$ cat input-v8.cif   # mmCIF, C-alpha atoms
data_coords
#
loop_
_atom_site.label_atom_id
_atom_site.label_comp_id
_atom_site.auth_asym_id
_atom_site.auth_seq_id
_atom_site.Cartn_x
_atom_site.Cartn_y
_atom_site.Cartn_z
CA MET A 1 14.17 29.65 -22.16
CA ALA A 2 13.56 26.43 -24.04
CA ASN A 3 17.22 25.47 -24.04
CA VAL A 4 17.55 25.53 -20.27
CA ALA A 5 17.83 22.03 -18.92
CA VAL A 6 14.92 21.34 -16.63
CA ASP A 7 14.82 18.64 -14.00
CA LYS A 8 11.40 17.27 -14.74
CA ARG A 9 11.35 15.05 -11.67
CA ALA A 10 11.43 18.14 -9.57
CA LEU A 11 8.47 19.68 -11.35
CA ILE A 12 4.91 19.52 -10.30
CA GLU A 13 2.82 17.19 -12.49
CA GLY A 14 5.88 15.37 -13.81
CA GLU A 15 5.83 15.34 -17.57
CA ARG A 16 3.43 18.26 -17.93
CA PRO A 17 4.90 20.99 -15.75
CA ILE A 18 2.25 23.57 -15.01
CA PHE A 19 4.71 26.42 -14.65
CA ASN A 20 7.39 25.18 -17.08
CA ALA A 21 10.07 26.40 -14.69
CA SER A 22 12.52 24.48 -12.56
CA TYR A 23 11.91 24.07 -8.85
CA GLY A 24 14.79 26.39 -7.99
CA LYS A 25 13.61 29.19 -10.25
CA LEU A 26 10.04 28.86 -9.04
CA MET A 27 11.14 29.07 -5.41
CA MET A 28 13.28 32.12 -6.20
CA TRP A 29 10.20 33.79 -7.68
CA PHE A 30 8.11 32.96 -4.63
CA PHE A 31 10.83 34.28 -2.34
CA LEU A 32 11.00 37.49 -4.35
CA VAL A 33 7.23 37.94 -4.15
CA SER A 34 7.35 37.66 -0.36
CA ASP A 35 10.37 39.96 -0.22
CA ALA A 36 8.52 42.47 -2.38
CA PHE A 37 5.73 42.41 0.20
CA THR A 38 8.23 43.33 2.92
CA PHE A 39 9.62 46.22 0.91
CA SER A 40 6.08 47.33 0.05
CA ALA A 41 5.24 47.39 3.75
CA PHE A 42 8.24 49.66 4.39
CA LEU A 43 7.36 52.08 1.62
CA ILE A 44 3.66 52.13 2.50
CA THR A 45 4.58 52.88 6.11
CA TYR A 46 6.62 55.80 4.79
CA GLY A 47 3.60 57.03 2.82
CA ALA A 48 1.19 56.63 5.73
CA LEU A 49 3.48 58.49 8.18
CA ARG A 50 4.11 61.23 5.64
CA PHE A 51 0.38 61.75 5.06
CA ARG A 52 -0.11 61.70 8.82
CA ALA A 53 2.50 64.41 9.29
CA THR A 54 0.95 66.55 6.57
CA SER A 55 -2.49 66.20 8.09
CA MET A 56 -1.05 67.36 11.42
CA GLY A 57 0.65 70.37 9.88
CA ILE A 58 4.13 68.94 10.45
CA SER A 59 6.49 69.67 7.61
CA TRP A 60 8.12 66.59 6.12
CA ALA A 61 11.77 66.55 5.11
CA ASN A 62 12.55 67.76 1.62
CA PRO A 63 14.95 65.23 0.02
CA GLU A 64 16.41 67.92 -2.24
CA GLU A 65 17.72 69.66 0.87
CA VAL A 66 18.84 66.52 2.66
CA PHE A 67 20.83 64.66 0.01
CA THR A 68 23.04 67.43 -1.32
CA HIS A 69 26.47 65.86 -1.00
CA ALA A 70 28.39 64.44 -3.91
CA PRO A 71 31.99 63.23 -3.67
CA ILE A 72 34.67 65.61 -5.02
CA LEU A 73 32.06 68.33 -5.60
CA HIS A 74 31.53 68.55 -1.85
CA GLU A 75 35.07 67.97 -0.60
CA LEU A 76 37.03 70.01 -3.13
CA PHE A 77 34.64 72.62 -4.49
CA HIS A 78 32.09 72.89 -1.67
CA ILE A 79 29.29 72.77 -4.22
CA GLU A 80 25.86 71.57 -3.21
CA ALA A 81 24.57 69.04 -5.68
CA PRO A 82 21.06 67.98 -4.69
CA LEU A 83 20.16 64.44 -5.76
CA VAL A 84 23.08 64.24 -8.19
CA PHE A 85 24.82 61.49 -6.24
CA VAL A 86 21.69 59.42 -5.75
CA GLY A 87 21.01 59.76 -9.48
CA LEU A 88 24.48 58.37 -10.12
CA MET A 89 23.79 55.48 -7.73
CA THR A 90 20.61 54.70 -9.66
CA PHE A 91 22.54 54.59 -12.93
CA ILE A 92 25.19 52.32 -11.39
CA LEU A 93 22.53 49.86 -10.24
CA ILE A 94 20.73 49.89 -13.60
CA LEU A 95 24.07 49.29 -15.34
CA SER A 96 24.85 46.37 -13.05
CA SER A 97 21.42 44.98 -13.92
CA VAL A 98 22.31 45.19 -17.60
CA THR A 99 25.61 43.35 -17.09
CA MET A 100 23.70 40.73 -15.07
CA VAL A 101 21.18 40.08 -17.83
CA LEU A 102 24.08 39.88 -20.31
CA ALA A 103 25.60 37.20 -18.05
CA VAL A 104 22.31 35.29 -18.11
CA GLU A 105 22.24 35.56 -21.91
CA ALA A 106 25.83 34.30 -22.11
CA GLY A 107 24.79 31.44 -19.81
CA HIS A 108 22.18 30.33 -22.35
CA ARG A 109 24.99 30.01 -24.89
CA ARG A 110 27.12 28.25 -22.25
CA SER A 111 29.95 30.67 -22.86
CA LYS A 112 31.98 30.31 -19.70
CA LYS A 113 34.31 33.20 -20.47
CA GLU A 114 31.53 35.71 -21.10
CA VAL A 115 29.49 34.64 -18.07
CA SER A 116 32.57 35.08 -15.93
CA LYS A 117 33.23 38.53 -17.37
CA TRP A 118 29.70 39.88 -16.95
CA VAL A 119 29.23 38.41 -13.46
CA PHE A 120 32.48 40.10 -12.46
CA TRP A 121 31.29 43.51 -13.70
CA THR A 122 27.93 43.05 -11.99
CA MET A 123 29.77 42.40 -8.74
CA ILE A 124 31.87 45.54 -9.21
CA GLY A 125 28.65 47.51 -9.78
CA GLY A 126 27.18 46.15 -6.56
CA ILE A 127 30.28 46.99 -4.54
CA THR A 128 30.36 50.52 -6.02
CA PHE A 129 26.72 51.00 -5.10
CA LEU A 130 27.39 49.91 -1.51
CA SER A 131 30.33 52.31 -1.25
CA CYS A 132 28.12 55.15 -2.49
CA GLN A 133 25.53 54.24 0.11
CA ALA A 134 28.17 54.32 2.85
CA TYR A 135 29.11 57.85 1.76
CA GLU A 136 25.48 58.94 1.78
CA TRP A 137 24.81 57.43 5.20
CA TYR A 138 27.91 59.13 6.60
CA HIS A 139 26.71 62.57 5.52
CA PHE A 140 23.13 61.90 6.58
CA ILE A 141 24.20 60.85 10.08
CA HIS A 142 26.87 63.54 10.39
CA GLY A 143 24.50 66.36 9.47
CA THR A 144 25.06 69.89 8.26
CA GLU A 145 26.86 72.84 9.79
CA GLY A 146 23.69 74.52 11.01
CA GLY A 147 23.91 72.31 14.03
CA ALA A 148 21.33 71.54 16.62
CA ARG A 149 20.72 72.62 20.18
CA LEU A 150 19.51 70.68 23.10
CA VAL A 151 16.86 72.51 25.06
CA GLU A 152 16.21 71.46 28.61
CA VAL A 153 12.49 71.67 28.83
CA SER A 154 12.24 71.38 32.60
CA ALA A 155 14.00 74.73 32.98
CA MET A 156 11.60 76.45 30.61
CA GLN A 157 8.17 76.00 32.11
CA ASP A 158 7.27 79.50 30.96
CA ILE A 159 7.73 78.58 27.31
CA PRO A 160 5.71 75.44 26.62
CA LEU A 161 6.98 73.33 23.76
CA PRO A 162 4.48 71.48 21.60
CA GLY A 163 4.30 67.77 22.20
CA ILE A 164 6.73 67.94 25.14
CA ASP A 165 5.65 67.23 28.68
CA ALA A 166 7.56 69.77 30.79
CA THR A 167 6.79 67.93 34.03
CA LYS A 168 8.66 64.82 32.87
CA GLN A 169 12.08 66.49 32.59
CA ASP A 170 12.05 65.72 28.89
CA LYS A 171 14.79 67.06 26.71
CA VAL A 172 14.21 67.92 23.11
CA LYS A 173 16.57 68.77 20.27
CA VAL A 174 15.80 71.98 18.45
CA PHE A 175 16.93 72.60 14.90
CA PRO A 176 17.22 76.11 13.47
CA VAL A 177 15.50 77.17 10.29
CA TRP A 178 17.72 79.84 8.75
CA SER A 179 16.52 82.71 6.62
CA THR A 180 19.20 81.87 4.08
CA LYS A 181 20.30 78.53 2.78
CA GLU A 182 23.17 78.13 5.18
CA GLU A 183 24.24 79.73 8.39
CA ASN A 184 26.31 82.86 7.69
CA SER A 185 26.62 86.47 8.79
CA GLU A 186 23.51 87.58 6.93
CA SER A 187 21.25 84.79 7.99
CA GLU A 188 19.01 84.79 10.99
CA ILE A 189 16.89 82.16 12.59
CA VAL A 190 13.34 82.48 11.36
CA GLY A 191 12.02 79.35 12.99
CA LEU A 192 12.79 76.31 15.09
CA ARG A 193 11.93 72.75 14.36
CA LEU A 194 11.65 70.47 17.34
CA SER A 195 12.91 66.93 17.10
CA ASN A 196 9.31 65.75 17.32
CA GLY A 197 8.67 67.41 13.98
CA ARG A 198 6.84 70.50 15.22
CA LEU A 199 7.69 73.89 13.82
CA ILE A 200 7.77 77.13 15.80
CA THR A 201 7.99 80.45 13.99
CA ASP A 202 6.71 83.00 16.51
CA GLU A 203 8.38 85.56 18.79
CA ARG A 204 9.48 82.89 21.27
CA VAL A 205 12.10 81.60 18.85
CA PRO A 206 15.05 83.73 20.15
CA ALA A 207 14.34 82.86 23.79
CA ILE A 208 14.18 79.13 23.12
CA TRP A 209 17.28 79.23 20.93
CA ALA A 210 19.28 81.19 23.48
CA SER A 211 18.42 78.78 26.27
CA GLY A 212 19.74 75.75 24.45
CA THR A 213 23.09 74.09 24.76
CA PRO A 214 24.95 73.53 21.49
CA THR A 215 25.29 69.92 20.46
CA THR A 216 25.70 67.99 17.25
CA GLY A 217 23.26 67.94 14.35
CA GLY A 218 22.57 65.13 11.95
CA ALA A 219 20.21 62.26 12.30
CA ASN A 220 19.83 58.99 14.14
CA LEU A 221 16.87 56.86 15.16
CA HIS A 222 15.75 59.40 17.79
CA VAL A 223 16.43 62.82 16.37
CA ASN A 224 16.57 64.13 12.86
CA GLU A 225 17.94 67.45 11.74
CA TYR A 226 16.11 67.38 8.42
CA GLY A 227 12.54 66.72 9.47
CA PRO A 228 10.38 64.41 11.57
CA PRO A 229 12.28 61.51 13.21
CA ALA A 230 10.14 59.06 11.23
CA PHE A 231 11.85 60.26 8.05
CA ALA A 232 15.29 59.31 9.41
CA ASP A 233 13.99 56.03 10.85
CA LEU A 234 12.53 54.98 7.52
CA PHE A 235 15.59 56.20 5.65
CA PHE A 236 17.77 53.91 7.76
CA PHE A 237 15.38 50.97 7.56
CA VAL A 238 14.47 51.15 3.88
CA THR A 239 17.89 51.97 2.41
CA GLY A 240 19.53 49.76 5.05
CA PHE A 241 17.30 46.80 4.21
CA HIS A 242 17.91 47.41 0.52
CA GLY A 243 21.64 47.76 1.12
CA SER A 244 21.73 44.47 3.01
CA HIS A 245 20.05 42.89 -0.02
CA VAL A 246 22.71 44.36 -2.30
CA PHE A 247 25.38 42.99 0.06
CA SER A 248 23.80 39.50 -0.02
CA GLY A 249 23.67 39.83 -3.79
CA VAL A 250 27.38 40.64 -3.98
CA VAL A 251 28.15 37.57 -1.84
CA LEU A 252 25.97 35.39 -4.09
CA LEU A 253 27.68 36.83 -7.18
CA LEU A 254 31.08 36.09 -5.67
CA ILE A 255 30.09 32.45 -5.08
CA LEU A 256 28.71 32.35 -8.63
CA LEU A 257 31.91 33.78 -10.06
CA ILE A 258 34.04 31.22 -8.24
CA ASN A 259 31.82 28.36 -9.41
CA VAL A 260 31.77 29.60 -13.00
CA ASN A 261 35.54 29.80 -13.07
CA LYS A 262 35.87 26.37 -11.44
CA GLY A 263 33.69 24.97 -14.22
CA THR A 264 30.94 23.74 -11.88
CA TYR A 265 28.13 24.76 -14.26
CA GLU A 266 30.04 23.52 -17.29
CA ARG A 267 30.08 20.07 -15.68
CA ARG A 268 26.43 20.41 -14.67
CA GLY A 269 25.56 21.05 -18.29
CA HIS A 270 23.64 24.28 -17.74
CA TYR A 271 24.04 27.77 -16.28
CA GLU A 272 20.66 28.03 -14.58
CA MET A 273 22.27 29.27 -11.37
CA VAL A 274 23.17 32.47 -13.22
CA GLU A 275 19.48 32.92 -14.02
CA LYS A 276 18.37 32.37 -10.42
CA ILE A 277 20.90 34.78 -8.96
CA GLY A 278 20.11 37.11 -11.86
CA LEU A 279 16.45 37.14 -10.79
CA TYR A 280 17.51 38.16 -7.31
CA TRP A 281 19.83 40.87 -8.61
CA HIS A 282 17.16 42.36 -10.89
CA PHE A 283 14.76 42.37 -7.99
CA VAL A 284 17.23 44.42 -5.95
CA ASP A 285 17.42 46.88 -8.86
CA LEU A 286 13.62 46.91 -9.09
CA VAL A 287 13.29 47.78 -5.41
CA TRP A 288 15.76 50.63 -5.84
CA VAL A 289 13.65 52.06 -8.68
CA PHE A 290 10.77 52.36 -6.22
CA VAL A 291 12.93 53.63 -3.35
CA PHE A 292 14.44 56.25 -5.65
CA THR A 293 11.00 57.53 -6.63
CA PHE A 294 9.28 57.50 -3.26
CA PHE A 295 12.22 58.50 -1.07
CA TYR A 296 14.17 60.92 -3.25
CA LEU A 297 11.91 62.28 -5.97
CA ILE A 298 8.47 62.68 -4.44
CA MET B 1 22.07 29.81 -31.82
CA ALA B 2 24.54 32.67 -32.10
CA SER B 3 22.10 34.85 -34.07
CA ALA B 4 19.39 34.24 -31.46
CA GLY B 5 21.83 35.44 -28.82
CA ALA B 6 22.58 38.59 -30.82
CA GLU B 7 18.87 39.31 -31.10
CA GLN B 8 18.48 38.96 -27.33
CA ARG B 9 21.43 41.23 -26.65
CA LYS B 10 19.85 43.88 -28.86
CA VAL B 11 16.66 43.73 -26.77
CA ILE B 12 18.75 44.03 -23.58
CA ILE B 13 20.64 47.09 -24.82
CA ARG B 14 17.42 48.74 -26.02
CA THR B 15 15.77 48.15 -22.63
CA ALA B 16 18.84 49.53 -20.87
CA ILE B 17 18.69 52.71 -22.97
CA ILE B 18 14.96 53.12 -22.21
CA LEU B 19 15.58 52.69 -18.46
CA GLY B 20 18.47 55.14 -18.50
CA ALA B 21 16.52 57.69 -20.53
CA ILE B 22 13.51 57.55 -18.20
CA THR B 23 15.76 58.01 -15.16
CA ALA B 24 17.50 60.97 -16.80
CA PHE B 25 14.10 62.45 -17.70
CA GLU B 26 12.89 62.04 -14.10
CA PHE B 27 16.02 63.83 -12.97
CA VAL B 28 15.41 66.78 -15.28
CA VAL B 29 11.76 66.98 -14.23
CA ALA B 30 12.72 67.00 -10.53
CA PHE B 31 14.76 70.18 -11.05
CA THR B 32 12.70 72.08 -13.61
CA TRP B 33 9.15 71.24 -12.62
CA ARG B 34 8.65 74.05 -10.15
CA GLY B 35 9.81 76.66 -12.63
CA VAL B 36 7.60 75.18 -15.33
CA THR B 37 4.48 75.16 -13.13
CA GLU B 38 5.11 78.77 -12.16
CA SER B 39 5.56 79.95 -15.72
CA VAL B 40 2.41 78.11 -16.82
CA GLY B 41 0.55 79.68 -13.92
CA LEU B 42 -0.47 76.48 -12.14
CA GLN B 43 -0.85 76.42 -8.38
CA ILE B 44 2.16 74.89 -6.63
CA GLU B 45 -0.03 72.25 -4.97
CA THR B 46 -1.57 71.18 -8.27
CA GLY B 47 1.80 71.14 -9.99
CA ARG B 48 3.27 68.99 -7.22
CA ALA B 49 0.45 66.48 -7.44
CA MET B 50 0.90 66.27 -11.20
CA LYS B 51 4.66 65.77 -10.78
CA ASP B 52 4.11 62.98 -8.24
CA ALA B 53 1.62 61.27 -10.56
CA LEU B 54 4.09 61.52 -13.45
CA PHE B 55 6.88 60.00 -11.32
CA ILE B 56 4.67 57.12 -10.22
CA ILE B 57 3.63 56.35 -13.80
CA LEU B 58 7.26 56.45 -14.99
CA THR B 59 8.31 54.22 -12.10
CA LEU B 60 5.69 51.61 -12.96
CA PHE B 61 6.84 51.84 -16.58
CA LYS B 62 10.45 51.19 -15.54
CA ALA B 63 9.37 48.38 -13.21
CA SER B 64 7.46 46.65 -16.01
CA TYR B 65 10.58 46.74 -18.21
CA ILE B 66 12.80 45.33 -15.47
CA VAL B 67 10.36 42.55 -14.57
CA GLY B 68 9.26 41.81 -18.14
CA VAL B 69 12.57 41.92 -20.00
CA PHE B 70 15.40 41.59 -17.47
CA MET B 71 13.63 39.02 -15.32
CA HIS B 72 12.09 37.40 -18.42
CA LEU B 73 8.65 37.26 -16.81
CA LYS B 74 6.88 37.96 -20.09
CA ASP B 75 8.63 34.93 -21.60
CA GLU B 76 7.34 32.61 -18.88
CA VAL B 77 4.10 30.69 -19.28
CA ARG B 78 1.06 32.87 -18.60
CA ARG B 79 -0.06 31.05 -15.48
CA LEU B 80 3.33 31.56 -13.83
CA MET B 81 3.18 35.24 -14.75
CA TRP B 82 -0.25 35.68 -13.21
CA THR B 83 0.66 33.61 -10.14
CA ILE B 84 3.41 36.13 -9.46
CA LEU B 85 1.52 39.30 -10.37
CA VAL B 86 -1.94 38.73 -8.91
CA PRO B 87 -0.87 38.70 -5.20
CA PHE B 88 0.15 42.35 -5.61
CA ILE B 89 -3.52 43.22 -5.63
CA PHE B 90 -3.15 43.07 -1.83
CA ILE B 91 -0.40 45.67 -2.01
CA VAL B 92 -2.66 47.95 -4.04
CA TRP B 93 -5.29 47.55 -1.33
CA LEU B 94 -2.74 48.25 1.41
CA ILE B 95 -1.57 51.42 -0.33
CA ILE B 96 -5.10 52.77 -0.63
CA ALA B 97 -6.02 51.78 2.92
CA LEU B 98 -2.96 53.14 4.70
CA ILE B 99 -2.62 56.35 2.71
CA TRP B 100 -6.26 57.05 3.49
CA GLU B 101 -5.72 56.20 7.15
CA GLY B 102 -2.50 58.21 7.38
CA GLY B 103 -4.25 61.30 6.08
CA ASN B 104 -6.73 61.03 8.92
CA TRP B 105 -4.50 60.15 11.88
CA GLY B 106 -3.42 63.74 12.35
CA LYS B 107 -6.97 65.04 12.35
CA GLN B 108 -7.87 62.77 15.24
CA THR B 109 -5.04 63.94 17.48
CA PRO B 110 -6.54 66.20 20.17
CA LYS B 111 -5.00 69.65 20.10
CA SER B 112 -3.40 70.56 23.42
CA THR B 113 -3.47 74.16 24.56
CA SER B 114 0.31 74.32 24.58
CA ILE B 115 0.59 74.10 20.83
CA GLU B 116 -1.36 77.23 20.00
CA HIS B 117 1.71 79.08 18.84
CA ILE B 118 2.62 76.54 16.21
CA GLU B 119 2.30 77.58 12.64
CA HIS B 120 0.43 74.95 10.71
CA LEU B 121 2.42 75.38 7.58
CA PRO B 122 2.37 72.82 4.80
CA ALA B 123 5.81 71.51 3.89
CA GLN B 124 5.98 73.62 0.75
CA GLN B 125 5.64 76.86 2.68
CA MET B 126 8.45 76.33 5.15
CA PRO B 127 10.71 79.38 5.25
CA ILE B 128 13.77 77.40 4.24
CA ASN B 129 12.03 76.33 1.06
CA VAL B 130 10.98 79.86 0.30
CA HIS B 131 14.58 80.83 0.07
CA ARG B 132 15.68 77.75 -1.83
CA TYR B 133 13.23 78.26 -4.65
CA GLY B 134 13.02 82.00 -4.50
CA ALA B 135 9.26 81.72 -4.45
#
$ encode --input "input-v8.cif" --output "structure tokens"
Amino acid sequence: MANVAVDKRALIEGERPIFNASYGKLMMWFFLVSDAFTFSAFLITYGALRFRATSMGISWANPEEVFTHAPILHELFHIEAPLVFVGLMTFILILSSVTMVLAVEAGHRRSKKEVSKWVFWTMIGGITFLSCQAYEWYHFIHGTEGGARLVEVSAMQDIPLPGIDATKQDKVKVFPVWSTKEENSESEIVGLRLSNGRLITDERVPAIWASGTPTTGGANLHVNEYGPPAFADLFFFVTGFHGSHVFSGVVLLLILLINVNKGTYERRGHYEMVEKIGLYWHFVDLVWVFVFTFFYLI
Amino acid sequence: MASAGAEQRKVIIRTAIILGAITAFEFVVAFTWRGVTESVGLQIETGRAMKDALFIILTLFKASYIVGVFMHLKDEVRRLMWTILVPFIFIVWLIIALIWEGGNWGKQTPKSTSIEHIEHLPAQQMPINVHRYGA
């Protein structure tokens, strides 16, 4: 990084900079450290709630059964492809990170044309990733065809539901657990999962199921077809927070692209802005590496 | 100048291949691990814990490549590197503390009489999973 022009006036200790990095780059690093703390807090919350659920005997959602949709495979061939799409998203983000670092490298050589090219492809990668995320969110919220039923607890005082106060007129969504993978003529309901995460598998299952009113499945911040509500909440918050970072990154890249093409950095004499935005973009990729592992693989 | 750039691009491409290969490997492991543990004769719980440990190690490996090579942290002066890395000792502490806590929250919840009929099944033994894996 020796050939990057450094504004020494802006550095601590003047002529002998203790960090040998420009003010802007240093502040980007400090921002990223604090942002990493926020993301860590999200993922640790996920871990703590998951361990809590396990210690209570509540079954957590299995990502392999939740994220089974992939474009084309799902729409045209009706094939379930667990984790295939999210794997693709991971590759797209890693690729966009590679094009970003190539842009930074081109910036060191002050090659305006190459910087412009690589920044453009990075931006395309980011937009593709966001589109993929939109598809995934749509299917997560929409839910599967097993559906859900709303049980009016107040009318069922004879069948107490775990974690539900029958005297408070509470309603609870009940999700079927089928004996086969999907609902069909051969499958039967072997269990019910309440929207508070509890699982019922005894002889009361048919009575509870019959008493319910059909309603939509899927997931939102209150109910979750796939497992405890906390899983859906954290899915929305973690991937949503990450997605908003990707979106900010795309906006920053767009500004960068415009400035590169206008020759702003050529006039400035250095392409350090590419490095600073590059740091941010790599950080977004880094976060996804952790989200991919802890949300989808483990 | 140009040759130095070529050298750097080679490092970038090599790192990209490593990252892609690890991700692909993780993907393969995610689908084959259960079958492998069963054929070896390991308990499902033990196999799962080993798989999780493997994923975490691979993730840290990938993270170090992204931070070290793509973000050029290993090219920065040492004191900047440590200034950025050392604060994460608090994250390590938070992970240990909250995972420990989380594992105990459930045990402290008083059991009401109305939940007697609940099966306390671990996630791996849910009926839907039984079908999915044919186990």
$ resolve_selection --input "input-v8.cif" --expression "the PyMOL selection byres ((chain B and resi 60) around 12)" --output "PyMOL selection string"
(chain A and resi 286-287+289-290+293-294) or (chain B and resi 19+22+53-59+61-68)
$ residues_around --input "input-v8.cif" --residues "stretch 83-97 of chain B" --least-positions-apart "6" --cutoff "10 Å" --atoms "all atoms listed in the file" --output "list of chain:residue names"
A:Phe19, A:Leu26, A:Trp29, A:Phe30, A:Leu32, A:Val33, A:Ser34, A:Ala36, A:Phe37, A:Ser40, A:Ala41, A:Leu43, A:Ile44, A:Thr45, A:Gly47, A:Ala48, B:Leu73
$ atom_distance --input "input-v8.cif" --atom1 "atom CA of B:Glu101" --atom2 "atom CA of A:Phe175"
29.0 Å
$ closest_residue --input "input-v8.cif" --among "A:Thr90, A:Ser244, A:Ser59, A:Thr128" --to "chain B" --atoms "all atoms listed in the file"
A:Ser59
$ resolve_selection --input "input-v8.cif" --expression "the PyMOL selection byres ((chain B and resi 29-32) around 10)" --output "ChimeraX atom specification"
/A:64,82-83,296-298 /B:23-28,33-37,51-52,54-55
$ atom_distance --input "input-v8.cif" --atom1 "atom CA of A:Ser111" --atom2 "atom CA of B:Lys10"
17.7 Å
$ atom_distance --input "input-v8.cif" --atom1 "atom CA of A:Ala81" --atom2 "atom CA of A:Glu65"
9.5 Å
$ closest_residue --input "input-v8.cif" --among "B:Val77, B:Trp82, B:Leu42, B:Val11" --to "chain A" --atoms "all atoms listed in the file"
B:Val77
$ axis_aligned_box --input "input-v8.cif" --around "stretch 14-33 of chain A" --padding-each-side "8 Å" --output "lines of an AutoDock Vina configuration file"
center_x = 8.5
center_y = 26.6
center_z = -10.1
size_x = 28.5
size_y = 38.6
size_z = 31.6
$ residues_near_point --input "input-v8.cif" --point "(8.2, 59.6, 7.2)" --cutoff "8 Å" --atoms "all atoms listed in the file" --output "list in words"
Thr45, Tyr46, Gly47, Ala48, Leu49, Arg50, Ala53, Trp60, Pro228, Pro229, Ala230, Phe231, Ala232, Asp233 and Leu234 of chain A
$ write_last_selection --input "input-v8.cif" --atoms "C-alpha atoms" --output "PDB file, in the frame of the given file"
ATOM      1  CA  THR A  45       4.580  52.880   6.110  1.00  0.00           C
ATOM      2  CA  TYR A  46       6.620  55.800   4.790  1.00  0.00           C
ATOM      3  CA  GLY A  47       3.600  57.030   2.820  1.00  0.00           C
ATOM      4  CA  ALA A  48       1.190  56.630   5.730  1.00  0.00           C
ATOM      5  CA  LEU A  49       3.480  58.490   8.180  1.00  0.00           C
ATOM      6  CA  ARG A  50       4.110  61.230   5.640  1.00  0.00           C
ATOM      7  CA  ALA A  53       2.500  64.410   9.290  1.00  0.00           C
ATOM      8  CA  TRP A  60       8.120  66.590   6.120  1.00  0.00           C
ATOM      9  CA  PRO A 228      10.380  64.410  11.570  1.00  0.00           C
ATOM     10  CA  PRO A 229      12.280  61.510  13.210  1.00  0.00           C
ATOM     11  CA  ALA A 230      10.140  59.060  11.230  1.00  0.00           C
ATOM     12  CA  PHE A 231      11.850  60.260   8.050  1.00  0.00           C
ATOM     13  CA  ALA A 232      15.290  59.310   9.410  1.00  0.00           C
ATOM     14  CA  ASP A 233      13.990  56.030  10.850  1.00  0.00           C
ATOM     15  CA  LEU A 234      12.530  54.980   7.520  1.00  0.00           C
TER      16      LEU A 234
END
$ closest_residue --input "input-v8.cif" --among "A:Leu95, A:Met100, A:Ile200, A:Ile58" --to "A:Gly249" --atoms "only C-alpha atoms"
A:Met100
